[in-house]
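Shown next, in structure tokens, is the structure this report addresses.
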Amino acid sequence: QDDQFKKVISHAKEYGYVFPSSEIYDGLSAVYDYGQNGVELKKNIREYWWKAMVQMHENIVGIDAAIFMHPTTWKASGHVDAFNDPLIDNKDSKKRYRADVLVEDYVAKLEGKIDKEIQKASKRFGDAFDKEQFVSTNPRVLQYKEKGDAILKRLGKSLENEDLADVKALIEELEIACPESGSKNWTDVKQFNLMFGTKLGASADSAMDLYLRPETAQGIFVNFLNVQKTGRMKIPFGIAQTGKAFRNEIVARQFIFRMREFEQMEMQYFIKPGTQKEWYDYWKETRLKWHNSLGMGEENYRFHDHEKLAHYADAACDIEFKFPFGFKELEGIHSRTDFDLANHEKYSGKKLQYFDPEENKSYVPYVLETSIGLDRMFLAVLSNSLQDEELENGTTRTVLKIPAVLAPTKAAILPLVKKDGLPEVARKIADDLKWDFNVDYDEKDAVGRRYRRQDAAGTPFCITVDHETLENNTVTIRHRDTMEQKRVQIEELREIIKQEVDM
Ligand code: ATP
């Protein structure tokens with residue numbers, strides 16, 4: 001699993017997807033840059049989300065709020081007082097950890113043990129193996145599950161009650177129970193605020209303390225009435241936004257899974273108080289469908305209901321994805337009640353209410369939120385797509401099976417040889433297709449190597465121009481995933497590609 005993750009990271013770099021930030025200065029931890037392919041994949045994921053959320057919903061509109069916001073925003077939102085991570089230091093190694101992540105890592109180890117039991121049993125039973133039944137009846141698996149659940153429950157309770165001493169005690173107990181990790185010398189658990197501070201204005205006395213926004217959501221809340229009034233929106237309606245957010249994360253060892261500067265895609269759905277349960281279920285289902293529409297394997301997603309609710313929520317769950325390091329949060333769905341709007345009313349002194357013509361009264365709407373990290377989604381796509389395949393002739397190929405709708409380059413146009421007029425015809429095809437798709441023209445090296453290069457970069461189609469093209473205007477089109485080649489008319493290309501890559 002670790003190996004697979006390392007492969008993903010090095011592949012991302014080798015193929016222009018993700019680079020460490022300011023690498024010539026040895027990088028900056030938990031900050032990354034997107035390269036020539038990465039920027040396209042990221043753009044396509046953003047567009048795929050925007051289309052599903054804004055374009056396809058008559059009652060959802062978008063905004064683009066500023067990263068800087070009035071500092072009182074973060075008082076009202078609770079971030080100044082409650083946006084903390086519990087930290088613990090190891091006195092021997094002088095390393096700093098997130099206490100909750102340490103505990104979760106331990107539970108992940110238990111889950112790893114469950115996976116091993118499943119693998120063993122499936123080998124033993126062969127075709128007769130029934131995974132569902134095994135997982136729900138095998139005593140050892142049940143024991144691991146029960147233990148993991150109990151640990152997380154206790155963690156949730158302690159954090160909720162701010163019983164940091166118990167979090168420390170839990171860590172120490174787990175260390176003893178898990179000898180391979182070795183007993184460590186811990187400090188007490190302390191809370192640490194994750195917001196980055198900065199200053200607005202030049203002179204020292206007039207400068208104003210600001211924060212870089214730790215989430216995009218508040219830009220939506222403070223604009224709630226602007227959008228509702230100017231867009232004549234009727235409840236229920238949604239406001240969507242994508243943009244950068246900043247958190248001074250402590251655990252910085254999971255590539256683009258946890259970054260200090262990252263991008264969120266958030267949607268706040270404003271509803272009538274009392275209907276939150278119904279909308280919570282609706283958005284859970286709708287968001288899972290969106291994920292499944294990409295065809296990355298339904299078994300790779302699961303819901304995780306929160307034991308510990310954030311200060312603003314009355315119900316919350318995550319959609320978790322099976323990353324190379326196990327199931328982890330990809331998206332959050334939160335029933336935020338009127339927490340945010342009511343607090344902004346309180347701190348700003350401005351009314352943030354909706355007049356409901358059906359009820360003939362005004363009220364502060366409740367909010368249902370869907371919040372997904374664009375970079376995390378990127379990592380989900382990349383890690384799920386990267387495969388080493390054994391071919392029939394005994395060789396292997398590395399292929400990036402990115403869903404075609406998200407692929408950075410949709411087709412590569414390849415002249416079989418660099419002579420006889422083939423490059424000219426290939427260029428012409430590329431020049432024609434580029435009006436509709438991102439395409440690549442490549443004439444270097446033998447065609448087999450070019451196919452491999454495009455496979456590894458994630459390009460779903462290779463179009464090869466050969467001598468027969470000159471006679472009858474046909475080319476071969478090769479599919480990345482099946483490696484099947486078909487001869488088609490040049491005029492058909494646009495339609496064939498469209499069918500697979502259109503969102
Ligand atoms: P985590 O528990 O992993 O820190 P969170 O519960 O704090 O995440 P939210 O505040 O709910 O996350 O943010 C919504 C989404 O934003 C998350 O589901 C995740 O996809 C993304 N996200 C949050 N923090 C980061 C980060 N540091 N780097 C990349 N993506 C992030």
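Labels for the structure tokens follow display order: chains A, B, ..., residues from 1 in each chain, ligands from 1.
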Do you know which residues are at most 12 Å from region 226-231 of chain A counting only C-alpha atoms, after dropping those on the same chain fewer than 5 positions away, and could you put them as a VMD selection string? chain A and resid 58 to 65 219 to 221 236 to 240 269 to 270 351 to 356 365
Please provide as a list in words all residues within 7 Å of Leu212 (chain A), with the sequence filter that same-chain residues fewer than 4 positions apart are discarded (counting only C-alpha atoms). Ile67, Phe68, Met195, Phe196, Gly197 and Phe246 of chain A
Find the residues near ligand 1. Use a cut-off of 7 Å, count only C-alpha atoms and all ligand atoms, and write them as an mmCIF file with C-alpha atoms, in the first residue's frame.
data_model
loop_
_atom_site.group_PDB
_atom_site.id
_atom_site.type_symbol
_atom_site.label_atom_id
_atom_site.label_comp_id
_atom_site.auth_asym_id
_atom_site.auth_seq_id
_atom_site.Cartn_x
_atom_site.Cartn_y
_atom_site.Cartn_z
ATOM 1 C CA GLU A 215 -13.056 27.500 4.255
ATOM 2 C CA ARG A 247 -5.115 25.821 7.062
ATOM 3 C CA GLU A 249 -2.112 21.770 9.131
ATOM 4 C CA ILE A 256 -2.017 16.495 -1.647
ATOM 5 C CA PHE A 257 -4.441 14.786 0.760
ATOM 6 C CA ARG A 258 -3.711 17.352 3.458
ATOM 7 C CA MET A 259 -2.298 20.639 2.255
ATOM 8 C CA ARG A 260 -1.798 24.035 3.824
ATOM 9 C CA GLU A 261 -3.158 25.758 0.721
ATOM 10 C CA PHE A 262 -5.915 23.849 -1.042
ATOM 11 C CA GLU A 263 -9.080 24.283 -3.016
ATOM 12 C CA GLN A 264 -12.618 23.545 -1.920
ATOM 13 C CA GLU A 329 -12.652 11.549 4.092
ATOM 14 C CA LEU A 330 -13.131 12.890 0.604
ATOM 15 C CA GLU A 331 -16.268 14.985 1.078
ATOM 16 C CA GLY A 332 -18.326 16.211 4.003
ATOM 17 C CA SER A 371 -18.033 20.322 0.882
ATOM 18 C CA ILE A 372 -15.408 18.520 -1.124
ATOM 19 C CA GLY A 373 -11.688 19.138 -1.461
ATOM 20 C CA LEU A 374 -10.689 19.519 -5.099
ATOM 21 C CA ASP A 375 -7.152 18.350 -4.376
ATOM 22 C CA ARG A 376 -8.430 15.324 -2.475
#
Nearby residues (only C-alpha atoms) at most 12 Å from Ala407 (chain A), same-chain spacing under 2 positions excluded, as a PyMOL selection string: chain A and resi 17+37-45+48+294+378+381-382+385+400-405+409-412+437-439+454-461+480+497+500-503
Using only C-alpha atoms, which residues sit within 12 Å of region 120-123 of chain A once same-chain residues fewer than 5 positions away are excluded, as a ChimeraX atom specification? /A:113-115,128-135,138,140-141
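In the backbone-derived DSSP annotation, strand (DSSP E) within region 25-200 of chain A comprises Tyr32, Asp33, Tyr34, Ile60, Val61, Gly62, Asn84, Asp85, Pro86, Leu87, Ile88, Asp89, Arg96, Tyr97, Arg98, Lys190, Gln191, Phe192, Asn193, Gly197, Thr198, Lys199 and Leu200 of chain A.
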Contacts of Phe303 (chain A) at 8 Å (only C-alpha atoms; same-chain gap of 4+ positions) as a PyMOL selection string: chain A and resi 317-320
Keeping only N, CA and C atoms, write those residues as a PDB file, in the first residue's frame.
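Below is the file that was written, selection16.pdb:
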ATOM      1  N   CYS A 317     -21.875  13.721   7.980  1.00  0.00           N
ATOM      2  CA  CYS A 317     -21.199  12.489   7.585  1.00  0.00           C
ATOM      3  C   CYS A 317     -20.148  12.823   6.540  1.00  0.00           C
ATOM      4  N   ASP A 318     -19.264  11.876   6.340  1.00  0.00           N
ATOM      5  CA  ASP A 318     -18.273  12.004   5.280  1.00  0.00           C
ATOM      6  C   ASP A 318     -18.570  10.971   4.220  1.00  0.00           C
ATOM      7  N   ILE A 319     -18.236  11.311   2.990  1.00  0.00           N
ATOM      8  CA  ILE A 319     -18.091  10.274   1.980  1.00  0.00           C
ATOM      9  C   ILE A 319     -16.608   9.946   1.990  1.00  0.00           C
ATOM     10  N   GLU A 320     -16.298   8.716   2.347  1.00  0.00           N
ATOM     11  CA  GLU A 320     -14.895   8.319   2.388  1.00  0.00           C
ATOM     12  C   GLU A 320     -14.537   7.570   1.113  1.00  0.00           C
TER      13      GLU A 320
END
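Checking A:Val222, A:Leu155, A:Ala204, A:Ala30 one by one against Thr72 (chain A), counting only C-alpha atoms, you find the shortest gap at A:Val222.
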Point-to-point distance in Å for CA of Arg213 (chain A) and CA of Thr337 (chain A): 21.2 Å
